[in-house]
Every structure is written in structure tokens, then in C-alpha cells.
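Participant: One structure, pasted below without further comment.
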Amino acid sequence: MVNRKALTTSDLLKMKQNGQKITMVTAYDAPSARLVEGAGLDLILVGDSLGMVVLGYETTVSVTLEEMIHHTKAVRRGAPQTMIVADMPFLTAHYSLDQVLQAAGRLMQEAGAQAIKLEGGREIADTVAHLTRAGVPVMGHIGLQPQSVLKLGGYRVAGKSDEGRAALLEDARALEAAGAFSIVIEAVPEPVARAITDDLTIPTIGIGAGRYVDGQVLVFHDLIGLTFGHQAKFVKRYANIKDTIEQALVQYRDEVKGEIFPALEHTYEA
Ligand code: KIV
């Protein structure tokens with residue numbers, strides 16, 4: 001375990017001002033959180049990508065608040081000294097202000113998150129303002145919003161047209177004005193994310209948003225090579241853990257069948 005204090009929202013602001021890049025990665029359970037904390041990443045995101053990555057759902061739409069709380073608790077146990085941001089599940093941003101406050105409160109008080117993340121732009125600015133006035137640190141999420149995949153009919157790069165670019169900038173400005181401490185920008189052309197980053201005081205964290213943002217986020221399982229199926233262009237695999245696990249499992253199977261495992265050193269004496 002590293003000995004350090006979890007970063008705060010003002011630390012992140014200072015990092016932007018000093019031109020220091022912010023590192024964030026997702027985690028969904030205690031062992032992965034422990035590894036992330038040990039590696040000294042700045043932030044952990046308990047993303048609702050957990051639905052697809054570890055729960056086997058088709059989209060993030062199925063993820064419930066109870067599941068987010070359950071996994072955030074596990075991440076908190078694994079990474080007690082890292083700032084944790086927890087995703088608010090599908091539709092929560094559109095609940096009544098009391099309900100949204102209650103949901104955010106549960107993620108922070110019961111589960112141990114220091115901040116919550118909400119997908120959406122101008123349309124959720126009032127909700128973001130309500131949460132931040134109540135003391136909830138809010139991270140925004142614009143560009144490709146995976147919770148809208150069923151409405152959009154797929155995962156697409158956002159902000160390619162002039163209109164789309166202008167809308168993204170307006171969304172980012174509205175979130176900043178509402179009190180968000182940071183904004184995730186997902187799957188947006190590099191110049192668009194750069195323009196938003198230059199325009200805002202608060203830090204931007206990109207995923208598929210190119211180089212000129214204040215920080216980067218990747219999904220843990222993408223980064224270590226433990227995903228199945230399509231891989232987005234913006235992912236860089238730093239390891240190929242899936243192959244390692246497959247080889248280990250096949251070897252274990254063969255050794256048990258071939259009576260190689262367990263060997264004498266794995267047994268207890270009488
Ligand atoms: O749920 C998630 O993992 C996310 C990241 C892709 C930013 O929202």
C-alpha cells in the first residue's frame with residue numbers, strides 16, 4: 001500500500017494550472033483497486049462500464065444504483081488512499097432533485113466515493129448545480145455518452161460537425177458554470193477536445209479525446225488486455241493478461257488430468 005493522501009478537487013485544479021497530467025483508470029473490485037493505488041494513479045473511476053466489463057450486460061443501461069454501491073464499496077476497501085469517483089447510473093441525472101441528491105449521498109456515504117460522475121451537458125446543468133450546492137463534487141461526462149447508446153443506435157465519435165462542436169463547448173461551459181470540478185470528454189476529435197480544454201478553468205479528462213486534454217482515463221480491463229470482442233481505436237493495451245490467464249488455465253487443466261498437479265510440495269504431511 002502506498003502511503004499518501006487521496007487527492008482533492010483543488011489538487012486537480014492545481015494540476016491543470018501547473019500543466020501536470022491527471023491519470024485516472026476504472027476499477028470495479030478490491031484487487032484491481034489495490035493494484036491501481038499501488039501504481040500511484042491519481043484517481044479511480046468506478047465506471048458503470050462495470051456492467052459490460054464484469055457483469056456481462058450488453059450496455060451500461062442495465063447497471064443499477066445498488067450495483068454501483070456494491071462495487072464502489074469493494075474499490076474503497078482496496079484503495080483507501082485514492083480519490084474515488086463513482087458513476088451515477090442511467091437516468092439518475094433526470095430524477096427529481098431530491099432523488100438525485102439521495103443517490104449521490106448513498107454513493108458517497110455508504111460506498112465511500114469522494115465524487116460522482118454524471119453523463120450529460122446543458123440539460124443536466126441544474127442538477128449539477130443542485131448537487132454541488134449541497135456539497136457533492138460532480139465530474140461531468142460529455143461527447144460519447146454510453147448511457148445514451150440505445151437512443152443513438154451505437155457508439156459514435158461526437159462533435160464532428162460544426163454544430164456538434166459548438167454544442168459540446170456549450171455543454172462544457174454549462175457544466176463548469178454549474179460547479180462541476182472536472183469533465184470527462186469521450187470519443188471527440190482531438191482539436192475539439194483541445195478547444196474545450198483551453199476554454200475551461202476546470203480539468204478535462206479524455207478518453208478517445210486525443211493528447212491536448214488535462215488527463216486521461218482508460219478502462220482497467222482494456223489497459224491490461226482482459227477484454228473480449230471489439231476494442232475501440234483509442235485504447236492502448238499495456239499488457240495481454242487474457243492470454244496469460246488462458247495459458248495458466250489450460251496448463252492447470254492438463255496438469256490435473258496428467259497427474260502432475262498437485263506434486264509432493266503441495267501436500268501436507270500426516
Ligand atoms: O464507465 C466508464 O468506465 C466511463 C469511462 C469510459 C470514462 O465512464
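The chains in the C-alpha cells are called A, B, ... from first to last as shown; in each chain the residues are counted from 1, and the ligands are counted from 1 in the order shown.
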Show me, as a tab-separated table, the residues of chain A having an atom within 7 Å of ligand 1, each with the closest atom pair and its distance in Å, using only C-alpha atoms and all ligand atoms.

Facilitator:
residue	atom	partner	partner_atom_place_in_ligand_line	distance
A:Thr26	CA	ligand 1	3 (O)	5.9
A:Leu45	CA	ligand 1	3 (O)	6.8
A:Val46	CA	ligand 1	3 (O)	6.9
A:Gly47	CA	ligand 1	1 (O)	3.3
A:Asp48	CA	ligand 1	1 (O)	4.1
A:Ser49	CA	ligand 1	1 (O)	3.8
A:Leu50	CA	ligand 1	1 (O)	6.7
A:Asp87	CA	ligand 1	1 (O)	6.7
A:Val184	CA	ligand 1	7 (C)	6.3
A:Glu186	CA	ligand 1	7 (C)	6.8
A:Ile207	CA	ligand 1	7 (C)	6.4
A:Val217	CA	ligand 1	7 (C)	6.2
A:Leu218	CA	ligand 1	6 (C)	6.6
A:Val219	CA	ligand 1	3 (O)	5.6

Participant: Please report as a Markdown table every residue of segment 119-143 of chain A lying within 10 Å of segment 9-13 of chain A, along with the nearest atom pair and their distance in Å (one decimal), using only C-alpha atoms.

Facilitator:
| residue | atom | partner | partner_atom | distance |
| --- | --- | --- | --- | --- |
| A:Pro137 | CA | A:Thr9 | CA | 7.7 |
| A:Val138 | CA | A:Thr9 | CA | 9.7 |
| A:Met139 | CA | A:Thr9 | CA | 9.8 |

Participant: Let me make sure I understand: among A:Pro31, A:Gly208, A:Gly215, A:Gly51, which one has the smallest atom-to-atom distance to Lys233 of chain A if we use only C-alpha atoms?

Facilitator: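 Distance minimum relative to Lys233 of chain A lands on A:Gly208.
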
Participant: Using only C-alpha atoms, which residues sit within 8 Å of Leu97 of chain A once same-chain residues fewer than 3 positions away are excluded, as a VMD selection string?

Facilitator: chain A and resid 100 to 101 127 130

Participant: For atom CA of Val128 of chain A and atom CA of Ala33 of chain A, quote the distance in Å rounded to one decimal.

Facilitator: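 If I compute the distance from atom CA of Val128 of chain A to atom CA of Ala33 of chain A, I get 27.0 Å.
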
Participant: Env of Lys236 of chain A: 7 Å cut, atoms = only C-alpha atoms, seq-sep filter 2 positions within chain, self excluded. Answer as a count of residues only.

Facilitator: 3

Participant: Compare A:Gly210, A:Gly56, A:Gly120, A:Gly258 by their minimum atom-to-atom distance to Thr92 of chain A, counting only C-alpha atoms, and give me the closest one.

Facilitator: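 The closest residue to Thr92 of chain A is A:Gly120.
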
Participant: Using DSSP on the backbone coordinates, identify the residues of segment 109-178 of chain A assigned to strand (DSSP E); present them as a list in words.

Facilitator: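 Matching residues for strand (DSSP E) in segment 109-178 of chain A are Ala115, Ile116, Lys117, Leu118, Glu119, Val138, Met139, Gly140, His141, Ile142 and Gly143 of chain A.
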
Participant: Next, write the just-selected residues to a file, as a PDB file, in the first residue's frame, keeping all heavy atoms as the atom set.

Facilitator:
ATOM      1  N   ALA A 115     -16.551  11.569  -4.987  1.00  0.00           N
ATOM      2  CA  ALA A 115     -17.194  12.383  -6.025  1.00  0.00           C
ATOM      3  C   ALA A 115     -18.056  11.462  -6.877  1.00  0.00           C
ATOM      4  O   ALA A 115     -17.874  10.244  -6.873  1.00  0.00           O
ATOM      5  CB  ALA A 115     -16.130  13.060  -6.887  1.00  0.00           C
ATOM      6  N   ILE A 116     -18.970  12.088  -7.626  1.00  0.00           N
ATOM      7  CA  ILE A 116     -19.797  11.284  -8.528  1.00  0.00           C
ATOM      8  C   ILE A 116     -19.627  11.826  -9.954  1.00  0.00           C
ATOM      9  O   ILE A 116     -19.219  12.970 -10.140  1.00  0.00           O
ATOM     10  CB  ILE A 116     -21.287  11.266  -8.108  1.00  0.00           C
ATOM     11  CG1 ILE A 116     -21.871  12.678  -8.033  1.00  0.00           C
ATOM     12  CG2 ILE A 116     -21.460  10.606  -6.760  1.00  0.00           C
ATOM     13  CD1 ILE A 116     -22.684  13.038  -9.205  1.00  0.00           C
ATOM     14  N   LYS A 117     -19.928  10.981 -10.930  1.00  0.00           N
ATOM     15  CA  LYS A 117     -19.860  11.408 -12.338  1.00  0.00           C
ATOM     16  C   LYS A 117     -21.243  11.247 -12.955  1.00  0.00           C
ATOM     17  O   LYS A 117     -21.919  10.238 -12.724  1.00  0.00           O
ATOM     18  CB  LYS A 117     -18.827  10.586 -13.113  1.00  0.00           C
ATOM     19  CG  LYS A 117     -18.764  10.955 -14.600  1.00  0.00           C
ATOM     20  CD  LYS A 117     -17.506  10.442 -15.268  1.00  0.00           C
ATOM     21  CE  LYS A 117     -17.532   8.978 -15.630  1.00  0.00           C
ATOM     22  NZ  LYS A 117     -18.597   8.582 -16.565  1.00  0.00           N
ATOM     23  N   LEU A 118     -21.612  12.249 -13.741  1.00  0.00           N
ATOM     24  CA  LEU A 118     -22.918  12.255 -14.411  1.00  0.00           C
ATOM     25  C   LEU A 118     -22.722  12.468 -15.898  1.00  0.00           C
ATOM     26  O   LEU A 118     -21.985  13.376 -16.301  1.00  0.00           O
ATOM     27  CB  LEU A 118     -23.747  13.443 -13.911  1.00  0.00           C
ATOM     28  CG  LEU A 118     -24.563  13.333 -12.637  1.00  0.00           C
ATOM     29  CD1 LEU A 118     -25.275  14.652 -12.384  1.00  0.00           C
ATOM     30  CD2 LEU A 118     -25.575  12.202 -12.726  1.00  0.00           C
ATOM     31  N   GLU A 119     -23.386  11.688 -16.720  1.00  0.00           N
ATOM     32  CA  GLU A 119     -23.345  11.906 -18.171  1.00  0.00           C
ATOM     33  C   GLU A 119     -24.369  12.964 -18.553  1.00  0.00           C
ATOM     34  O   GLU A 119     -25.512  12.921 -18.086  1.00  0.00           O
ATOM     35  CB  GLU A 119     -23.670  10.600 -18.916  1.00  0.00           C
ATOM     36  CG  GLU A 119     -22.564   9.587 -18.805  1.00  0.00           C
ATOM     37  CD  GLU A 119     -22.814   8.322 -19.625  1.00  0.00           C
ATOM     38  OE1 GLU A 119     -23.674   8.331 -20.532  1.00  0.00           O
ATOM     39  OE2 GLU A 119     -22.132   7.317 -19.344  1.00  0.00           O
ATOM     40  N   VAL A 138     -18.969  17.013  -8.404  1.00  0.00           N
ATOM     41  CA  VAL A 138     -19.512  16.381  -9.613  1.00  0.00           C
ATOM     42  C   VAL A 138     -18.511  16.450 -10.766  1.00  0.00           C
ATOM     43  O   VAL A 138     -18.004  17.527 -11.101  1.00  0.00           O
ATOM     44  CB  VAL A 138     -20.825  17.066 -10.061  1.00  0.00           C
ATOM     45  CG1 VAL A 138     -21.362  16.419 -11.340  1.00  0.00           C
ATOM     46  CG2 VAL A 138     -21.870  17.002  -8.966  1.00  0.00           C
ATOM     47  N   MET A 139     -18.256  15.309 -11.364  1.00  0.00           N
ATOM     48  CA  MET A 139     -17.477  15.235 -12.606  1.00  0.00           C
ATOM     49  C   MET A 139     -18.492  15.093 -13.741  1.00  0.00           C
ATOM     50  O   MET A 139     -19.395  14.241 -13.664  1.00  0.00           O
ATOM     51  CB  MET A 139     -16.546  14.017 -12.539  1.00  0.00           C
ATOM     52  CG  MET A 139     -15.683  13.799 -13.758  1.00  0.00           C
ATOM     53  SD  MET A 139     -14.567  12.376 -13.542  1.00  0.00           S
ATOM     54  CE  MET A 139     -13.167  13.151 -12.772  1.00  0.00           C
ATOM     55  N   GLY A 140     -18.372  15.922 -14.760  1.00  0.00           N
ATOM     56  CA  GLY A 140     -19.266  15.810 -15.912  1.00  0.00           C
ATOM     57  C   GLY A 140     -18.754  14.764 -16.899  1.00  0.00           C
ATOM     58  O   GLY A 140     -17.650  14.229 -16.742  1.00  0.00           O
ATOM     59  N   HIS A 141     -19.550  14.466 -17.896  1.00  0.00           N
ATOM     60  CA  HIS A 141     -19.150  13.493 -18.936  1.00  0.00           C
ATOM     61  C   HIS A 141     -19.872  13.867 -20.223  1.00  0.00           C
ATOM     62  O   HIS A 141     -21.094  13.722 -20.310  1.00  0.00           O
ATOM     63  CB  HIS A 141     -19.514  12.076 -18.476  1.00  0.00           C
ATOM     64  CG  HIS A 141     -19.073  10.992 -19.425  1.00  0.00           C
ATOM     65  ND1 HIS A 141     -18.802   9.699 -18.997  1.00  0.00           N
ATOM     66  CD2 HIS A 141     -18.848  10.977 -20.757  1.00  0.00           C
ATOM     67  CE1 HIS A 141     -18.443   8.961 -20.032  1.00  0.00           C
ATOM     68  NE2 HIS A 141     -18.481   9.716 -21.123  1.00  0.00           N
ATOM     69  N   ILE A 142     -19.110  14.383 -21.185  1.00  0.00           N
ATOM     70  CA  ILE A 142     -19.699  14.806 -22.459  1.00  0.00           C
ATOM     71  C   ILE A 142     -19.020  14.086 -23.621  1.00  0.00           C
ATOM     72  O   ILE A 142     -18.041  13.368 -23.433  1.00  0.00           O
ATOM     73  CB  ILE A 142     -19.600  16.341 -22.655  1.00  0.00           C
ATOM     74  CG1 ILE A 142     -18.137  16.800 -22.647  1.00  0.00           C
ATOM     75  CG2 ILE A 142     -20.395  17.083 -21.594  1.00  0.00           C
ATOM     76  CD1 ILE A 142     -17.947  18.261 -23.067  1.00  0.00           C
ATOM     77  N   GLY A 143     -19.536  14.315 -24.828  1.00  0.00           N
ATOM     78  CA  GLY A 143     -19.026  13.608 -26.004  1.00  0.00           C
ATOM     79  C   GLY A 143     -19.854  12.351 -26.160  1.00  0.00           C
ATOM     80  O   GLY A 143     -21.078  12.374 -26.009  1.00  0.00           O
TER      81      GLY A 143
END

Participant: Expressed in Å to a single decimal, how great is the separation between atom CA of Gly206 of chain A and atom CA of Asp243 of chain A?

Facilitator: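 Between these atoms lies a distance of 28.0 Å.
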
Participant: As an mmCIF file with N, CA and C atoms, in the first residue's frame, please: every residue in segment 106-209 of chain A that DSSP puts in helix (DSSP H, G or I).

Facilitator:
data_model
loop_
_atom_site.group_PDB
_atom_site.id
_atom_site.type_symbol
_atom_site.label_atom_id
_atom_site.label_comp_id
_atom_site.auth_asym_id
_atom_site.auth_seq_id
_atom_site.Cartn_x
_atom_site.Cartn_y
_atom_site.Cartn_z
ATOM 1 N N ARG A 106 -25.791 8.299 -1.211
ATOM 2 C CA ARG A 106 -25.528 6.874 -0.935
ATOM 3 C C ARG A 106 -24.169 6.463 -1.489
ATOM 4 N N LEU A 107 -23.850 6.960 -2.700
ATOM 5 C CA LEU A 107 -22.536 6.595 -3.277
ATOM 6 C C LEU A 107 -21.395 7.149 -2.432
ATOM 7 N N MET A 108 -21.629 8.305 -1.804
ATOM 8 C CA MET A 108 -20.552 8.904 -1.002
ATOM 9 C C MET A 108 -20.562 8.364 0.431
ATOM 10 N N GLN A 109 -21.720 8.342 1.071
ATOM 11 C CA GLN A 109 -21.750 7.970 2.491
ATOM 12 C C GLN A 109 -21.671 6.466 2.718
ATOM 13 N N GLU A 110 -22.457 5.701 1.950
ATOM 14 C CA GLU A 110 -22.469 4.244 2.140
ATOM 15 C C GLU A 110 -21.282 3.582 1.478
ATOM 16 N N ARG A 122 -25.811 20.557 -21.081
ATOM 17 C CA ARG A 122 -26.656 21.654 -20.586
ATOM 18 C C ARG A 122 -27.928 21.153 -19.912
ATOM 19 N N GLU A 123 -28.491 20.044 -20.437
ATOM 20 C CA GLU A 123 -29.781 19.562 -19.922
ATOM 21 C C GLU A 123 -29.710 19.113 -18.458
ATOM 22 N N ILE A 124 -28.471 18.846 -17.971
ATOM 23 C CA ILE A 124 -28.381 18.413 -16.557
ATOM 24 C C ILE A 124 -27.696 19.484 -15.686
ATOM 25 N N ALA A 125 -27.494 20.667 -16.252
ATOM 26 C CA ALA A 125 -26.754 21.706 -15.518
ATOM 27 C C ALA A 125 -27.447 22.079 -14.197
ATOM 28 N N ASP A 126 -28.774 22.130 -14.200
ATOM 29 C CA ASP A 126 -29.478 22.475 -12.947
ATOM 30 C C ASP A 126 -29.238 21.411 -11.876
ATOM 31 N N THR A 127 -29.240 20.169 -12.324
ATOM 32 C CA THR A 127 -29.000 19.064 -11.379
ATOM 33 C C THR A 127 -27.584 19.149 -10.818
ATOM 34 N N VAL A 128 -26.625 19.435 -11.704
ATOM 35 C CA VAL A 128 -25.226 19.556 -11.262
ATOM 36 C C VAL A 128 -25.108 20.707 -10.252
ATOM 37 N N ALA A 129 -25.785 21.811 -10.534
ATOM 38 C CA ALA A 129 -25.733 22.963 -9.623
ATOM 39 C C ALA A 129 -26.337 22.597 -8.266
ATOM 40 N N HIS A 130 -27.441 21.843 -8.299
ATOM 41 C CA HIS A 130 -28.101 21.434 -7.051
ATOM 42 C C HIS A 130 -27.165 20.540 -6.234
ATOM 43 N N LEU A 131 -26.521 19.606 -6.906
ATOM 44 C CA LEU A 131 -25.609 18.686 -6.210
ATOM 45 C C LEU A 131 -24.407 19.440 -5.629
ATOM 46 N N THR A 132 -23.816 20.303 -6.423
ATOM 47 C CA THR A 132 -22.603 20.983 -5.953
ATOM 48 C C THR A 132 -22.935 21.956 -4.811
ATOM 49 N N ARG A 133 -24.122 22.578 -4.881
ATOM 50 C CA ARG A 133 -24.533 23.454 -3.768
ATOM 51 C C ARG A 133 -24.666 22.657 -2.470
ATOM 52 N N PRO A 146 -22.094 6.749 -23.157
ATOM 53 C CA PRO A 146 -22.516 5.357 -23.340
ATOM 54 C C PRO A 146 -23.930 5.067 -22.842
ATOM 55 N N GLN A 147 -24.420 5.834 -21.857
ATOM 56 C CA GLN A 147 -25.781 5.566 -21.363
ATOM 57 C C GLN A 147 -26.851 5.913 -22.407
ATOM 58 N N SER A 148 -26.454 6.667 -23.451
ATOM 59 C CA SER A 148 -27.424 7.028 -24.496
ATOM 60 C C SER A 148 -27.315 6.119 -25.711
ATOM 61 N N VAL A 149 -26.602 5.001 -25.578
ATOM 62 C CA VAL A 149 -26.332 4.156 -26.753
ATOM 63 C C VAL A 149 -27.614 3.640 -27.417
ATOM 64 N N LEU A 150 -28.631 3.360 -26.625
ATOM 65 C CA LEU A 150 -29.858 2.810 -27.224
ATOM 66 C C LEU A 150 -30.599 3.887 -28.008
ATOM 67 N N LYS A 151 -30.500 5.129 -27.528
ATOM 68 C CA LYS A 151 -31.126 6.249 -28.248
ATOM 69 C C LYS A 151 -30.350 6.545 -29.540
ATOM 70 N N LEU A 152 -29.000 6.502 -29.434
ATOM 71 C CA LEU A 152 -28.158 6.881 -30.578
ATOM 72 C C LEU A 152 -28.024 5.754 -31.605
ATOM 73 N N ASP A 162 -19.839 21.157 -37.328
ATOM 74 C CA ASP A 162 -19.692 22.478 -36.693
ATOM 75 C C ASP A 162 -20.699 22.636 -35.559
ATOM 76 N N GLU A 163 -21.916 22.168 -35.851
ATOM 77 C CA GLU A 163 -22.991 22.257 -34.854
ATOM 78 C C GLU A 163 -22.649 21.416 -33.612
ATOM 79 N N GLY A 164 -22.147 20.218 -33.865
ATOM 80 C CA GLY A 164 -21.785 19.300 -32.779
ATOM 81 C C GLY A 164 -20.662 19.870 -31.924
ATOM 82 N N ARG A 165 -19.690 20.483 -32.593
ATOM 83 C CA ARG A 165 -18.551 21.080 -31.865
ATOM 84 C C ARG A 165 -19.037 22.192 -30.952
ATOM 85 N N ALA A 166 -19.886 23.069 -31.520
ATOM 86 C CA ALA A 166 -20.395 24.211 -30.754
ATOM 87 C C ALA A 166 -21.226 23.708 -29.568
ATOM 88 N N ALA A 167 -22.009 22.652 -29.791
ATOM 89 C CA ALA A 167 -22.861 22.114 -28.717
ATOM 90 C C ALA A 167 -21.994 21.564 -27.586
ATOM 91 N N LEU A 168 -20.903 20.895 -27.944
ATOM 92 C CA LEU A 168 -20.024 20.331 -26.907
ATOM 93 C C LEU A 168 -19.404 21.433 -26.054
ATOM 94 N N LEU A 169 -18.985 22.509 -26.724
ATOM 95 C CA LEU A 169 -18.386 23.620 -25.982
ATOM 96 C C LEU A 169 -19.420 24.251 -25.047
ATOM 97 N N GLU A 170 -20.634 24.397 -25.534
ATOM 98 C CA GLU A 170 -21.706 24.955 -24.687
ATOM 99 C C GLU A 170 -21.989 24.038 -23.499
ATOM 100 N N ASP A 171 -22.002 22.739 -23.761
ATOM 101 C CA ASP A 171 -22.233 21.772 -22.670
ATOM 102 C C ASP A 171 -21.140 21.892 -21.610
ATOM 103 N N ALA A 172 -19.901 21.946 -22.081
ATOM 104 C CA ALA A 172 -18.768 22.018 -21.141
ATOM 105 C C ALA A 172 -18.852 23.298 -20.310
ATOM 106 N N ARG A 173 -19.159 24.405 -20.970
ATOM 107 C CA ARG A 173 -19.266 25.686 -20.248
ATOM 108 C C ARG A 173 -20.397 25.641 -19.219
ATOM 109 N N ALA A 174 -21.510 25.025 -19.594
ATOM 110 C CA ALA A 174 -22.656 24.957 -18.672
ATOM 111 C C ALA A 174 -22.308 24.106 -17.455
ATOM 112 N N LEU A 175 -21.567 23.027 -17.668
ATOM 113 C CA LEU A 175 -21.201 22.166 -16.539
ATOM 114 C C LEU A 175 -20.229 22.892 -15.611
ATOM 115 N N GLU A 176 -19.279 23.597 -16.222
ATOM 116 C CA GLU A 176 -18.336 24.359 -15.391
ATOM 117 C C GLU A 176 -19.089 25.428 -14.585
ATOM 118 N N ALA A 177 -19.980 26.140 -15.249
ATOM 119 C CA ALA A 177 -20.737 27.197 -14.556
ATOM 120 C C ALA A 177 -21.608 26.604 -13.449
ATOM 121 N N ALA A 178 -22.046 25.355 -13.627
ATOM 122 C CA ALA A 178 -22.904 24.709 -12.618
ATOM 123 C C ALA A 178 -22.093 24.191 -11.437
ATOM 124 N N GLU A 190 -9.615 15.318 -31.680
ATOM 125 C CA GLU A 190 -8.596 15.968 -30.843
ATOM 126 C C GLU A 190 -8.717 17.505 -30.796
ATOM 127 N N PRO A 191 -8.912 18.179 -31.952
ATOM 128 C CA PRO A 191 -8.980 19.645 -31.890
ATOM 129 C C PRO A 191 -10.171 20.160 -31.084
ATOM 130 N N VAL A 192 -11.251 19.387 -31.077
ATOM 131 C CA VAL A 192 -12.452 19.806 -30.343
ATOM 132 C C VAL A 192 -12.182 19.713 -28.841
ATOM 133 N N ALA A 193 -11.597 18.589 -28.432
ATOM 134 C CA ALA A 193 -11.279 18.418 -27.003
ATOM 135 C C ALA A 193 -10.252 19.455 -26.562
ATOM 136 N N ARG A 194 -9.342 19.791 -27.461
ATOM 137 C CA ARG A 194 -8.323 20.796 -27.136
ATOM 138 C C ARG A 194 -8.958 22.166 -26.913
ATOM 139 N N ALA A 195 -9.871 22.517 -27.802
ATOM 140 C CA ALA A 195 -10.532 23.830 -27.688
ATOM 141 C C ALA A 195 -11.317 23.912 -26.378
ATOM 142 N N ILE A 196 -11.986 22.820 -26.015
ATOM 143 C CA ILE A 196 -12.760 22.822 -24.763
ATOM 144 C C ILE A 196 -11.807 22.946 -23.575
ATOM 145 N N THR A 197 -10.722 22.190 -23.616
ATOM 146 C CA THR A 197 -9.741 22.211 -22.521
ATOM 147 C C THR A 197 -9.154 23.607 -22.342
ATOM 148 N N ASP A 198 -8.846 24.270 -23.464
ATOM 149 C CA ASP A 198 -8.286 25.626 -23.388
ATOM 150 C C ASP A 198 -9.306 26.627 -22.857
ATOM 151 N N ASP A 199 -10.568 26.358 -23.133
ATOM 152 C CA ASP A 199 -11.625 27.292 -22.749
ATOM 153 C C ASP A 199 -11.978 27.222 -21.259
#
